[in-house]
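Here is data-v9.csv, consisting of CSV, C-alpha atoms:
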chain,number,residue,atom,x,y,z
A,154,MET,CA,33.0,85.1,39.7
A,155,SER,CA,31.8,85.0,36.2
A,156,SER,CA,33.2,85.5,32.7
A,157,PRO,CA,31.3,86.2,29.4
A,158,SER,CA,32.9,83.0,27.9
A,159,VAL,CA,32.1,80.7,30.9
A,160,SER,CA,28.7,79.3,31.5
A,161,TRP,CA,28.2,77.7,34.9
A,162,PRO,CA,24.8,76.3,35.9
A,163,ALA,CA,23.6,77.9,39.1
A,164,GLY,CA,23.9,75.9,42.2
A,165,ASP,CA,25.9,73.0,40.7
A,166,THR,CA,29.5,72.9,41.9
A,167,SER,CA,30.1,69.2,41.1
A,168,ARG,CA,30.6,69.9,37.4
A,169,ILE,CA,33.2,72.4,36.2
A,170,PRO,CA,33.2,74.0,32.8
A,171,PHE,CA,36.4,73.4,30.9
A,172,ALA,CA,36.6,77.1,30.1
A,173,VAL,CA,37.4,77.7,33.8
A,174,TYR,CA,40.9,76.3,32.9
A,175,THR,CA,41.3,78.0,29.5
A,176,ASP,CA,39.7,81.4,29.7
A,177,GLU,CA,42.2,84.3,29.8
A,178,SER,CA,39.8,86.9,31.2
A,179,LEU,CA,38.8,84.6,34.1
A,180,HIS,CA,42.5,84.0,34.8
A,181,ARG,CA,43.0,87.7,35.2
A,182,LYS,CA,40.1,87.9,37.6
A,183,GLU,CA,41.5,85.0,39.6
A,184,LEU,CA,44.8,86.7,40.0
A,185,GLU,CA,43.2,89.8,41.5
A,186,ARG,CA,40.7,87.9,43.7
A,187,PHE,CA,42.9,85.1,45.0
A,188,PHE,CA,46.5,86.3,44.8
A,189,TYR,CA,46.3,90.0,45.3
A,190,GLN,CA,43.3,90.4,47.6
A,191,GLY,CA,42.0,88.8,50.8
A,192,HIS,CA,44.5,85.9,50.8
A,193,TRP,CA,47.9,85.0,52.2
A,194,CYS,CA,50.5,83.7,49.7
A,195,TYR,CA,53.6,81.6,50.5
A,196,ILE,CA,56.9,83.3,49.7
A,197,GLY,CA,59.5,81.2,51.4
A,198,LEU,CA,61.2,79.8,54.5
A,199,GLU,CA,63.0,82.0,57.1
A,200,ALA,CA,65.9,79.6,56.6
A,201,GLU,CA,66.4,80.9,53.1
A,202,VAL,CA,67.2,84.4,54.5
A,203,PRO,CA,68.8,83.7,57.8
A,204,ASN,CA,71.0,86.8,58.1
A,205,PRO,CA,70.7,90.5,57.7
A,206,GLY,CA,71.3,91.4,54.1
A,207,ASP,CA,69.9,88.1,52.7
A,208,PHE,CA,67.2,88.2,50.2
A,209,LYS,CA,65.1,85.9,47.9
A,210,ARG,CA,63.3,86.9,44.7
A,211,THR,CA,60.0,85.1,44.2
A,212,VAL,CA,56.5,85.8,43.1
A,213,VAL,CA,53.0,86.4,44.4
A,214,GLY,CA,50.7,85.3,41.6
A,215,GLU,CA,52.4,86.8,38.6
A,216,ARG,CA,54.0,89.7,40.4
A,217,SER,CA,57.7,89.6,41.2
A,218,VAL,CA,58.5,90.3,44.9
A,219,ILE,CA,61.5,90.3,47.1
A,220,LEU,CA,61.8,88.8,50.6
A,221,SER,CA,64.5,90.6,52.5
A,222,ARG,CA,65.9,90.5,56.0
A,223,ALA,CA,66.8,94.0,57.2
A,224,ALA,CA,69.8,95.0,59.4
A,225,ASP,CA,67.6,94.7,62.6
A,226,GLY,CA,66.6,91.1,61.7
A,227,THR,CA,63.1,91.9,60.6
A,228,LEU,CA,61.6,90.4,57.5
A,229,HIS,CA,60.1,92.5,54.7
A,230,CYS,CA,58.5,91.8,51.4
A,231,PHE,CA,58.1,94.4,48.6
A,232,GLU,CA,57.3,94.4,44.9
A,233,ASN,CA,60.3,94.1,42.5
A,234,VAL,CA,59.2,97.2,40.6
A,235,CYS,CA,61.1,100.5,40.8
A,236,ALA,CA,59.0,103.4,41.9
A,237,HIS,CA,60.6,105.6,39.2
A,238,ARG,CA,60.1,103.9,35.9
A,239,GLY,CA,58.6,100.6,36.8
A,240,MET,CA,61.7,98.4,36.1
A,241,GLN,CA,62.2,95.0,37.7
A,242,PHE,CA,65.4,96.0,39.4
A,243,CYS,CA,66.4,92.6,41.0
A,244,ARG,CA,67.4,89.7,38.8
A,245,LYS,CA,69.1,87.4,41.2
A,246,ARG,CA,67.0,84.6,42.8
A,247,HIS,CA,69.0,84.7,46.0
A,248,GLY,CA,71.6,87.1,47.5
A,249,SER,CA,73.4,87.8,50.8
A,250,GLY,CA,75.3,90.6,52.4
A,251,VAL,CA,73.5,93.4,50.5
A,252,LYS,CA,73.2,96.8,52.1
A,253,GLU,CA,70.6,98.2,49.7
A,254,PHE,CA,68.7,97.6,46.4
A,255,VAL,CA,69.7,99.8,43.5
A,256,CYS,CA,67.7,100.0,40.2
A,257,PRO,CA,70.3,99.9,37.4
A,258,TYR,CA,68.3,102.2,35.1
A,259,HIS,CA,68.6,105.5,37.0
A,260,GLN,CA,70.3,104.3,40.2
A,261,TRP,CA,67.4,105.0,42.6
A,262,SER,CA,68.3,103.1,45.7
A,263,TYR,CA,66.1,101.5,48.4
A,264,THR,CA,66.7,100.2,51.9
A,265,LEU,CA,66.3,96.5,52.9
A,266,ASN,CA,62.7,97.3,54.0
A,267,GLY,CA,61.8,98.9,50.7
A,268,ASP,CA,62.1,102.6,51.5
A,269,LEU,CA,63.5,105.0,49.0
A,270,GLN,CA,66.8,106.4,50.3
A,271,GLY,CA,68.6,107.9,47.3
A,272,VAL,CA,67.8,109.7,44.1
A,273,PRO,CA,70.8,110.7,41.9
A,274,LEU,CA,70.8,114.4,40.9
A,275,ARG,CA,67.8,115.0,43.1
A,276,ARG,CA,68.7,118.7,43.5
A,277,GLY,CA,69.9,119.1,39.9
A,278,VAL,CA,73.4,120.1,38.7
A,279,ARG,CA,75.1,123.5,39.0
A,280,GLN,CA,76.1,124.9,35.7
A,281,ASP,CA,77.2,128.4,34.9
A,282,GLY,CA,76.3,129.5,38.4
A,283,GLN,CA,72.8,128.1,38.1
A,284,VAL,CA,71.1,124.9,39.3
A,285,LYS,CA,69.5,123.0,36.5
A,286,GLY,CA,67.3,120.0,36.5
A,287,GLY,CA,66.6,117.9,39.6
A,288,MET,CA,63.4,116.9,41.3
A,289,PRO,CA,60.7,119.4,42.3
A,290,ALA,CA,61.2,121.2,45.6
A,291,ASP,CA,58.2,119.4,47.1
A,292,PHE,CA,59.5,115.9,46.2
A,293,ASN,CA,59.0,113.6,49.2
A,294,PRO,CA,61.0,110.3,49.2
A,295,LYS,CA,58.5,108.8,51.6
A,296,GLU,CA,55.8,109.0,48.9
A,297,HIS,CA,58.0,106.9,46.5
A,298,ASN,CA,58.8,103.8,48.4
A,299,LEU,CA,58.5,100.3,46.9
A,300,THR,CA,55.0,98.7,47.1
A,301,LYS,CA,55.2,96.8,50.4
A,302,LEU,CA,53.3,93.6,51.3
A,303,LYS,CA,52.0,92.6,54.7
A,304,VAL,CA,54.2,89.8,56.2
A,305,ALA,CA,53.3,87.0,58.6
A,306,THR,CA,55.5,84.1,59.8
A,307,ARG,CA,54.7,80.9,61.6
A,308,GLY,CA,57.0,78.0,62.4
A,309,GLY,CA,59.7,79.4,60.1
A,310,VAL,CA,57.4,79.7,57.1
A,311,VAL,CA,56.8,83.2,55.5
A,312,PHE,CA,53.6,84.4,54.0
A,313,ALA,CA,52.8,87.8,52.4
A,314,SER,CA,49.8,89.7,51.1
A,315,PHE,CA,49.3,92.8,49.0
A,316,ASP,CA,46.1,93.2,51.0
A,317,HIS,CA,47.0,94.9,54.3
A,318,GLU,CA,43.5,94.3,55.7
A,319,VAL,CA,43.7,90.6,55.3
A,320,GLU,CA,42.7,88.5,58.3
A,321,SER,CA,45.4,87.0,60.5
A,322,LEU,CA,47.3,84.1,59.2
A,323,GLU,CA,46.0,81.9,61.9
A,324,ASP,CA,42.4,82.8,61.1
A,325,TYR,CA,43.1,82.3,57.4
A,326,LEU,CA,44.4,78.8,58.0
A,327,GLY,CA,41.8,77.8,60.5
A,328,PRO,CA,42.1,75.4,63.4
A,329,THR,CA,41.9,72.1,61.4
A,330,ILE,CA,44.7,73.0,59.0
A,331,LEU,CA,46.8,74.7,61.7
A,332,THR,CA,47.0,71.3,63.4
A,333,TYR,CA,48.7,69.8,60.4
A,334,PHE,CA,50.7,72.9,59.7
A,335,ASP,CA,52.1,72.9,63.2
A,336,ARG,CA,52.8,69.2,63.0
A,337,LEU,CA,55.3,69.8,60.3
A,338,PHE,CA,56.6,73.3,61.3
A,339,ASN,CA,56.7,72.5,65.0
A,340,GLY,CA,59.4,75.1,66.0
A,341,ARG,CA,62.5,73.2,65.1
A,342,GLN,CA,65.1,75.2,63.1
A,343,LEU,CA,64.8,74.4,59.4
A,344,THR,CA,67.7,73.8,57.0
A,345,ILE,CA,67.6,74.1,53.3
A,346,LEU,CA,68.6,71.0,51.4
A,347,GLY,CA,68.0,72.1,47.8
A,348,TYR,CA,65.6,73.2,45.1
A,349,ASN,CA,63.9,71.8,42.1
A,350,ARG,CA,62.0,73.9,39.5
A,351,GLN,CA,59.7,72.6,36.8
A,352,ARG,CA,57.3,74.2,34.3
A,353,ILE,CA,53.9,72.4,33.9
A,354,PRO,CA,51.8,73.3,30.9
A,355,GLY,CA,48.5,73.4,32.7
A,356,ASN,CA,46.2,75.7,34.6
A,357,TRP,CA,47.5,76.5,38.1
A,358,LYS,CA,44.2,75.3,39.7
A,359,LEU,CA,44.8,71.8,38.5
A,360,MET,CA,47.7,71.3,40.9
A,361,GLN,CA,45.6,72.8,43.8
A,362,GLU,CA,42.9,70.2,42.9
A,363,ASN,CA,45.3,67.3,42.4
A,364,ILE,CA,46.5,67.5,46.0
A,365,LYS,CA,43.0,67.6,47.3
A,366,ASP,CA,42.0,64.5,45.3
A,367,PRO,CA,42.2,61.3,47.4
A,368,TYR,CA,40.6,59.3,44.5
A,369,HIS,CA,43.7,59.3,42.3
A,370,PRO,CA,46.8,58.3,44.4
A,371,GLY,CA,45.9,54.7,44.7
A,372,LEU,CA,45.0,54.4,41.0
A,373,LEU,CA,47.5,56.6,39.1
A,374,HIS,CA,50.7,56.1,41.0
A,375,THR,CA,52.3,52.7,40.5
A,376,TRP,CA,55.0,53.5,43.1
A,377,PHE,CA,52.5,54.4,45.8
A,378,VAL,CA,50.3,51.3,45.1
A,379,THR,CA,53.0,48.7,44.8
A,380,PHE,CA,55.1,49.8,47.8
A,381,GLY,CA,52.2,50.5,50.0
A,382,LEU,CA,52.8,54.2,50.6
A,383,TRP,CA,49.4,55.3,49.5
A,384,ARG,CA,46.7,52.8,48.5
A,385,ALA,CA,43.0,52.5,48.6
A,386,ASP,CA,43.3,50.0,51.5
A,387,ASN,CA,45.4,52.3,53.6
A,388,LYS,CA,44.0,54.2,56.6
A,389,ALA,CA,43.4,57.7,55.1
A,390,ALA,CA,41.5,61.0,55.4
A,391,LEU,CA,40.9,64.3,53.7
A,392,LYS,CA,40.3,67.2,56.1
A,393,MET,CA,39.5,70.8,55.0
A,394,ASP,CA,39.1,74.2,56.6
A,395,ALA,CA,35.6,75.7,57.2
A,396,HIS,CA,35.7,77.6,53.9
A,397,HIS,CA,37.0,74.5,51.9
A,398,ARG,CA,40.0,76.5,50.7
A,399,HIS,CA,42.7,74.4,52.2
A,400,ALA,CA,43.1,70.7,52.7
A,401,ALA,CA,45.2,68.0,54.4
A,402,MET,CA,45.3,64.7,52.6
A,403,ILE,CA,46.5,62.1,55.0
A,404,SER,CA,47.6,58.5,54.7
A,405,THR,CA,49.2,55.8,56.9
A,406,ARG,CA,51.4,53.3,55.1
A,407,GLY,CA,50.1,49.8,54.6
A,408,ASN,CA,51.9,46.5,53.7
A,409,ALA,CA,53.9,46.9,50.6
A,410,GLY,CA,53.4,44.2,48.1
A,411,ARG,CA,50.5,42.5,49.8
A,412,GLN,CA,47.8,41.6,47.3
A,413,SER,CA,44.7,42.5,49.2
A,414,ASP,CA,42.1,45.0,48.1
A,415,VAL,CA,44.4,46.5,45.4
A,416,SER,CA,45.3,43.3,43.6
A,417,GLN,CA,43.0,44.1,40.7
A,418,VAL,CA,44.2,47.7,40.4
A,419,SER,CA,46.2,48.0,37.2
A,420,SER,CA,48.8,50.2,38.8
A,421,PHE,CA,49.7,47.5,41.3
A,422,LYS,CA,52.8,45.7,40.1
A,423,SER,CA,53.6,42.8,42.4
A,424,SER,CA,56.8,42.0,40.5
A,425,MET,CA,58.2,45.5,40.8
A,426,GLU,CA,61.4,45.8,42.8
A,427,LEU,CA,63.9,48.5,43.5
A,428,GLU,CA,67.5,48.3,42.4
A,429,ASP,CA,68.5,50.5,45.3
A,430,LYS,CA,66.6,49.3,48.4
A,431,ARG,CA,67.8,52.5,50.3
A,432,PHE,CA,64.9,54.4,48.7
A,433,LEU,CA,62.6,52.5,51.1
A,434,ASP,CA,64.9,53.0,54.1
A,435,ILE,CA,62.0,54.7,56.0
A,436,VAL,CA,62.5,55.7,59.6
A,437,HIS,CA,59.4,56.7,61.6
A,438,GLU,CA,59.9,60.1,63.2
A,439,ASP,CA,58.3,61.0,66.5
A,440,TRP,CA,56.6,64.1,65.2
A,441,TRP,CA,54.7,62.2,62.6
A,442,GLY,CA,52.2,60.7,65.0
A,443,GLU,CA,50.3,58.0,63.2
A,444,PRO,CA,50.3,59.3,59.6
A,445,THR,CA,53.2,58.4,57.3
A,446,ALA,CA,52.2,61.0,54.7
A,447,VAL,CA,50.4,64.3,54.9
A,448,MET,CA,50.0,66.7,51.9
A,449,THR,CA,48.7,70.1,53.1
A,450,THR,CA,47.4,72.4,50.5
A,451,ILE,CA,47.2,76.1,51.4
A,452,PHE,CA,45.1,78.0,48.9
A,453,PRO,CA,46.1,79.5,46.5
A,454,SER,CA,49.9,79.1,46.4
A,455,VAL,CA,51.6,76.3,48.2
A,456,ILE,CA,51.6,72.6,49.1
A,457,PHE,CA,53.5,71.4,52.2
A,458,GLN,CA,54.7,67.8,51.6
A,459,GLN,CA,55.6,65.2,54.1
A,460,GLN,CA,55.9,61.9,52.3
A,461,VAL,CA,57.6,59.5,54.8
A,462,ASN,CA,61.0,61.2,55.5
A,463,SER,CA,60.9,63.6,52.5
A,464,VAL,CA,59.7,67.1,53.4
A,465,SER,CA,59.4,70.1,51.1
A,466,THR,CA,57.3,73.1,50.1
A,467,ARG,CA,55.9,73.3,46.6
A,468,HIS,CA,55.2,76.8,45.4
A,469,ILE,CA,52.6,77.3,42.6
A,470,GLN,CA,53.5,80.2,40.4
A,471,PRO,CA,50.9,81.0,37.7
A,472,ASP,CA,52.1,82.1,34.3
A,473,GLY,CA,49.1,82.7,32.1
A,474,HIS,CA,46.0,80.5,32.2
A,475,GLY,CA,47.8,77.5,30.6
A,476,ASN,CA,51.1,77.3,32.4
A,477,PHE,CA,52.6,77.5,35.9
A,478,ASP,CA,56.0,77.1,37.4
A,479,PHE,CA,56.3,74.6,40.3
A,480,VAL,CA,59.1,75.4,42.7
A,481,TRP,CA,60.2,72.7,45.2
A,482,THR,CA,62.2,73.7,48.3
A,483,HIS,CA,63.5,70.6,50.0
A,484,PHE,CA,64.4,71.0,53.7
A,485,GLY,CA,65.3,69.2,56.8
A,486,PHE,CA,65.8,70.1,60.5
A,487,ALA,CA,68.9,71.4,62.2
A,488,ASP,CA,68.9,68.5,64.6
A,489,ASP,CA,68.8,65.9,61.9
A,490,THR,CA,71.7,63.4,61.9
A,491,PRO,CA,73.9,63.1,58.8
A,492,GLU,CA,72.1,59.8,58.1
A,493,MET,CA,68.7,61.4,58.2
A,494,THR,CA,69.8,64.2,55.9
A,495,ALA,CA,71.1,61.6,53.4
A,496,ARG,CA,67.8,59.8,53.7
A,497,ARG,CA,65.7,62.9,53.1
A,498,LEU,CA,67.8,63.7,50.0
A,499,ARG,CA,67.4,60.2,48.6
A,500,GLN,CA,63.7,60.3,49.2
A,501,ALA,CA,63.4,63.7,47.6
A,502,ASN,CA,64.3,62.1,44.4
A,503,LEU,CA,61.2,59.9,44.7
A,504,PHE,CA,58.9,62.8,45.1
A,505,GLY,CA,60.6,65.6,43.2
A,506,PRO,CA,59.6,66.7,39.7
A,507,ALA,CA,61.1,63.6,38.0
A,508,GLY,CA,60.2,61.3,40.9
A,509,PHE,CA,58.1,58.1,40.6
A,510,VAL,CA,55.1,60.0,41.9
A,511,SER,CA,55.3,63.6,40.8
A,512,ALA,CA,56.1,62.9,37.2
A,513,ASP,CA,52.7,61.2,37.0
A,514,ASP,CA,50.9,64.3,38.4
A,515,GLY,CA,52.7,66.6,36.0
A,516,GLU,CA,51.8,64.5,33.0
A,517,ALA,CA,48.2,64.1,34.1
A,518,ILE,CA,47.8,67.9,34.5
A,519,GLU,CA,49.4,68.5,31.1
A,520,LEU,CA,47.1,66.0,29.3
A,521,SER,CA,44.0,67.4,31.2
A,522,GLN,CA,44.8,70.9,29.9
A,523,CYS,CA,45.2,69.4,26.4
A,524,GLY,CA,41.8,67.8,26.7
A,525,PHE,CA,40.1,70.9,27.9
A,526,THR,CA,41.5,72.9,25.0
A,527,GLN,CA,40.7,70.3,22.4
A,528,SER,CA,37.1,69.8,23.7
A,529,LEU,CA,36.4,73.6,23.6
A,530,SER,CA,37.9,74.0,20.1
A,531,THR,CA,35.8,71.2,18.7
A,532,ALA,CA,32.6,72.2,20.7
A,533,ARG,CA,32.1,68.6,21.8
A,534,TRP,CA,29.6,67.9,24.6
A,535,PRO,CA,29.9,67.7,27.5
A,536,ASN,CA,32.5,70.4,28.2
A,537,TRP,CA,32.7,69.5,31.8
A,538,ALA,CA,35.3,68.2,34.3
A,539,GLY,CA,33.4,66.0,36.7
A,540,ALA,CA,34.0,66.4,40.4
A,541,ALA,CA,33.9,63.3,42.6
A,542,TRP,CA,33.4,65.2,45.8
A,543,ARG,CA,30.9,67.8,46.9
A,544,LYS,CA,32.5,70.1,49.6
A,545,PRO,CA,33.9,67.3,51.8
A,546,THR,CA,35.1,68.0,55.3
A,547,THR,CA,36.4,64.5,55.9
A,548,TRP,CA,37.0,61.5,53.7
A,549,SER,CA,37.8,57.9,54.5
A,550,PRO,CA,38.1,55.0,52.1
A,551,LYS,CA,36.2,51.7,52.6
A,552,ARG,CA,38.1,49.5,54.9
Full structure transcribed into structure tokens:
Amino acid sequence: MSSPSVSWPAGDTSRIPFAVYTDESLHRKELERFFYQGHWCYIGLEAEVPNPGDFKRTVVGERSVILSRAADGTLHCFENVCAHRGMQFCRKRHGSGVKEFVCPYHQWSYTLNGDLQGVPLRRGVRQDGQVKGGMPADFNPKEHNLTKLKVATRGGVVFASFDHEVESLEDYLGPTILTYFDRLFNGRQLTILGYNRQRIPGNWKLMQENIKDPYHPGLLHTWFVTFGLWRADNKAALKMDAHHRHAAMISTRGNAGRQSDVSQVSSFKSSMELEDKRFLDIVHEDWWGEPTAVMTTIFPSVIFQQQVNSVSTRHIQPDGHGNFDFVWTHFGFADDTPEMTARRLRQANLFGPAGFVSADDGEAIELSQCGFTQSLSTARWPNWAGAAWRKPTTWSPKR
């Protein structure tokens, strides 16, 4: 992929031109290539639309779509654009008990699977003994359905694609990433605990890269380093699929507060304490195995978070080359005890948009975008973002 305003030396993927994050024409190409062709995009959890007539409005790339559960229980996804005049007809983010979708402009109505079912005055009106107006005699409703996406589900997670020739979801994820996907979404019924939504003034790729970067957690995040959740001396790994699209960043909690290999790291604060010790009321769950945290990035649109007892999805929703919305869906499991549900909710505050960890990431992305823009505008050299890793398949820190 190339753009007239982006110069990228051939064969060198370890240095990234700043313009990759600031060029509007490149952003348009990325939307087409990564979000609308050849890729699966996250759209939600089945638990968000549990019953017939339930729906959720979300996005694939920058295109508004609706996830709907039809009367027969099947899931459907279609574009939120009326086939008549192109109006975005659905404004609610969630709904239940609906029988159809109706565009308010001219009242064209659609079934819960996106088929056109009704056109007002289709056969015109009778006036003075004559029929006037209406649609042409050869008008075929089947040719005017909503734009439908291909849908795939696994473990209660729903993906969709505008590309009906896309490979299977399982092939798309690959065996390495499927292992970590199935670890979290292991067949237990999911329950929705709540949502957070934030807007980050940075290029969408920066969040994808941030959760594939094992260099920064033990340096940037004071919370991680001080309380031993993710430090350079923890047992850790970074695993990727064969195409290096997706990644699982894995860590096993060490000894909080121990001044070992991290004692000289500026983000380590040995005197830091929590006013509410319940935030570190961590209970090991059998499904974890050894890791205490796994961050799984599925390109291009979602991050699946398991940070100790906090589990969530993080949906990346681009909005231009310099902004994206980041939507968190916090969930639990139907067999959770009330105590575990309360624990997940408490810990969600640590890792949500204003949490001790994620607030750092949002600010780092914003300031990176500011630096890219400033450097390009002043033509300073070098206009590069250095990459610490060259196509890694595994990563382990020095013990």
Tell me which protein, DNA and RNA residues are within 7 Å of region 215-223 of chain A, counting only C-alpha atoms, leaving out same-chain ones fewer than 2 positions away, and put them as an NGL selection string. :A and (202 or 204-213 or 225-233 or 265-266 or 470-472)
Distance of CA of Met288 (chain A) from CA of Arg276 (chain A), expressed in Å to one decimal place: 6.0 Å
One-decimal distance in Å that lies between CA of Ile196 (chain A) and CA of Glu177 (chain A): 24.8 Å
Using all atoms listed in the file, which protein or nucleic acid residues come within 6 Å of region 403-407 of chain A? Drop anything in the same chain fewer than 5 positions from it, and give the result as a VMD selection string. chain A and resid 381 to 382 387 to 390 444 to 447
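For the atom pair formed by CA of Arg496 (chain A) and CA of Ser465 (chain A), the distance is 13.5 Å, given to one decimal.
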Fewer than 6 positions away in the same chain doesn't count, so skip those; otherwise give me all residues within 7 Å of Gly267 (chain A), counting all atoms listed in the file, as a VMD selection string. chain A and resid 231 298 to 299 301
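Nearest to Ala200 (chain A) of all the residues A:Asn476, A:Thr482, A:Gln460, A:Asn339 is A:Thr482, based on only C-alpha atoms.
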Could I get region 263-284 of chain A from the block written as a CSV table (one decimal), in the first residue's frame, with N, CA and C atoms?
chain,number,residue,atom,x,y,z
A,263,TYR,N,-38.0,-2.8,7.0
A,263,TYR,CA,-37.1,-4.0,6.7
A,263,TYR,C,-37.3,-5.0,7.9
A,264,THR,N,-37.2,-6.3,7.5
A,264,THR,CA,-37.2,-7.3,8.5
A,264,THR,C,-36.0,-7.3,9.4
A,265,LEU,N,-36.0,-8.2,10.4
A,265,LEU,CA,-34.9,-8.2,11.3
A,265,LEU,C,-33.6,-8.9,10.7
A,266,ASN,N,-33.8,-9.4,9.4
A,266,ASN,CA,-32.6,-9.9,8.7
A,266,ASN,C,-32.2,-9.0,7.6
A,267,GLY,N,-32.8,-7.8,7.5
A,267,GLY,CA,-32.4,-6.8,6.6
A,267,GLY,C,-33.1,-6.8,5.2
A,268,ASP,N,-34.1,-7.6,5.1
A,268,ASP,CA,-34.9,-7.7,3.8
A,268,ASP,C,-35.9,-6.6,3.8
A,269,LEU,N,-36.1,-6.0,2.6
A,269,LEU,CA,-37.1,-5.0,2.4
A,269,LEU,C,-38.5,-5.7,2.4
A,270,GLN,N,-39.4,-5.2,3.2
A,270,GLN,CA,-40.7,-5.8,3.3
A,270,GLN,C,-41.9,-4.9,3.0
A,271,GLY,N,-41.6,-3.6,3.1
A,271,GLY,CA,-42.7,-2.7,2.8
A,271,GLY,C,-42.3,-1.3,2.3
A,272,VAL,N,-43.0,-0.9,1.2
A,272,VAL,CA,-42.8,0.4,0.6
A,272,VAL,C,-44.1,1.2,0.5
A,273,PRO,N,-44.3,2.2,1.3
A,273,PRO,CA,-45.5,3.0,1.3
A,273,PRO,C,-45.9,3.5,-0.1
A,274,LEU,N,-47.1,3.4,-0.5
A,274,LEU,CA,-47.7,3.9,-1.8
A,274,LEU,C,-46.9,3.2,-3.0
A,275,ARG,N,-46.5,2.0,-2.8
A,275,ARG,CA,-45.8,1.3,-3.8
A,275,ARG,C,-46.6,1.2,-5.1
A,276,ARG,N,-47.9,1.0,-5.0
A,276,ARG,CA,-48.7,0.9,-6.2
A,276,ARG,C,-49.5,2.2,-6.5
A,277,GLY,N,-49.0,3.3,-5.9
A,277,GLY,CA,-49.5,4.6,-6.2
A,277,GLY,C,-50.8,4.9,-5.4
A,278,VAL,N,-51.5,6.0,-5.8
A,278,VAL,CA,-52.8,6.3,-5.2
A,278,VAL,C,-53.9,6.5,-6.3
A,279,ARG,N,-55.1,6.1,-5.9
A,279,ARG,CA,-56.2,6.2,-6.9
A,279,ARG,C,-56.8,7.6,-6.7
A,280,GLN,N,-56.9,8.3,-7.8
A,280,GLN,CA,-57.4,9.7,-7.8
A,280,GLN,C,-58.2,9.9,-9.1
A,281,ASP,N,-59.5,10.3,-9.0
A,281,ASP,CA,-60.3,10.5,-10.1
A,281,ASP,C,-60.4,9.3,-11.0
A,282,GLY,N,-60.5,8.1,-10.4
A,282,GLY,CA,-60.6,6.9,-11.2
A,282,GLY,C,-59.3,6.4,-11.8
A,283,GLN,N,-58.2,7.1,-11.5
A,283,GLN,CA,-56.9,6.7,-12.1
A,283,GLN,C,-55.9,6.5,-11.0
A,284,VAL,N,-55.0,5.6,-11.3
A,284,VAL,CA,-53.9,5.3,-10.3
A,284,VAL,C,-52.7,6.2,-10.7
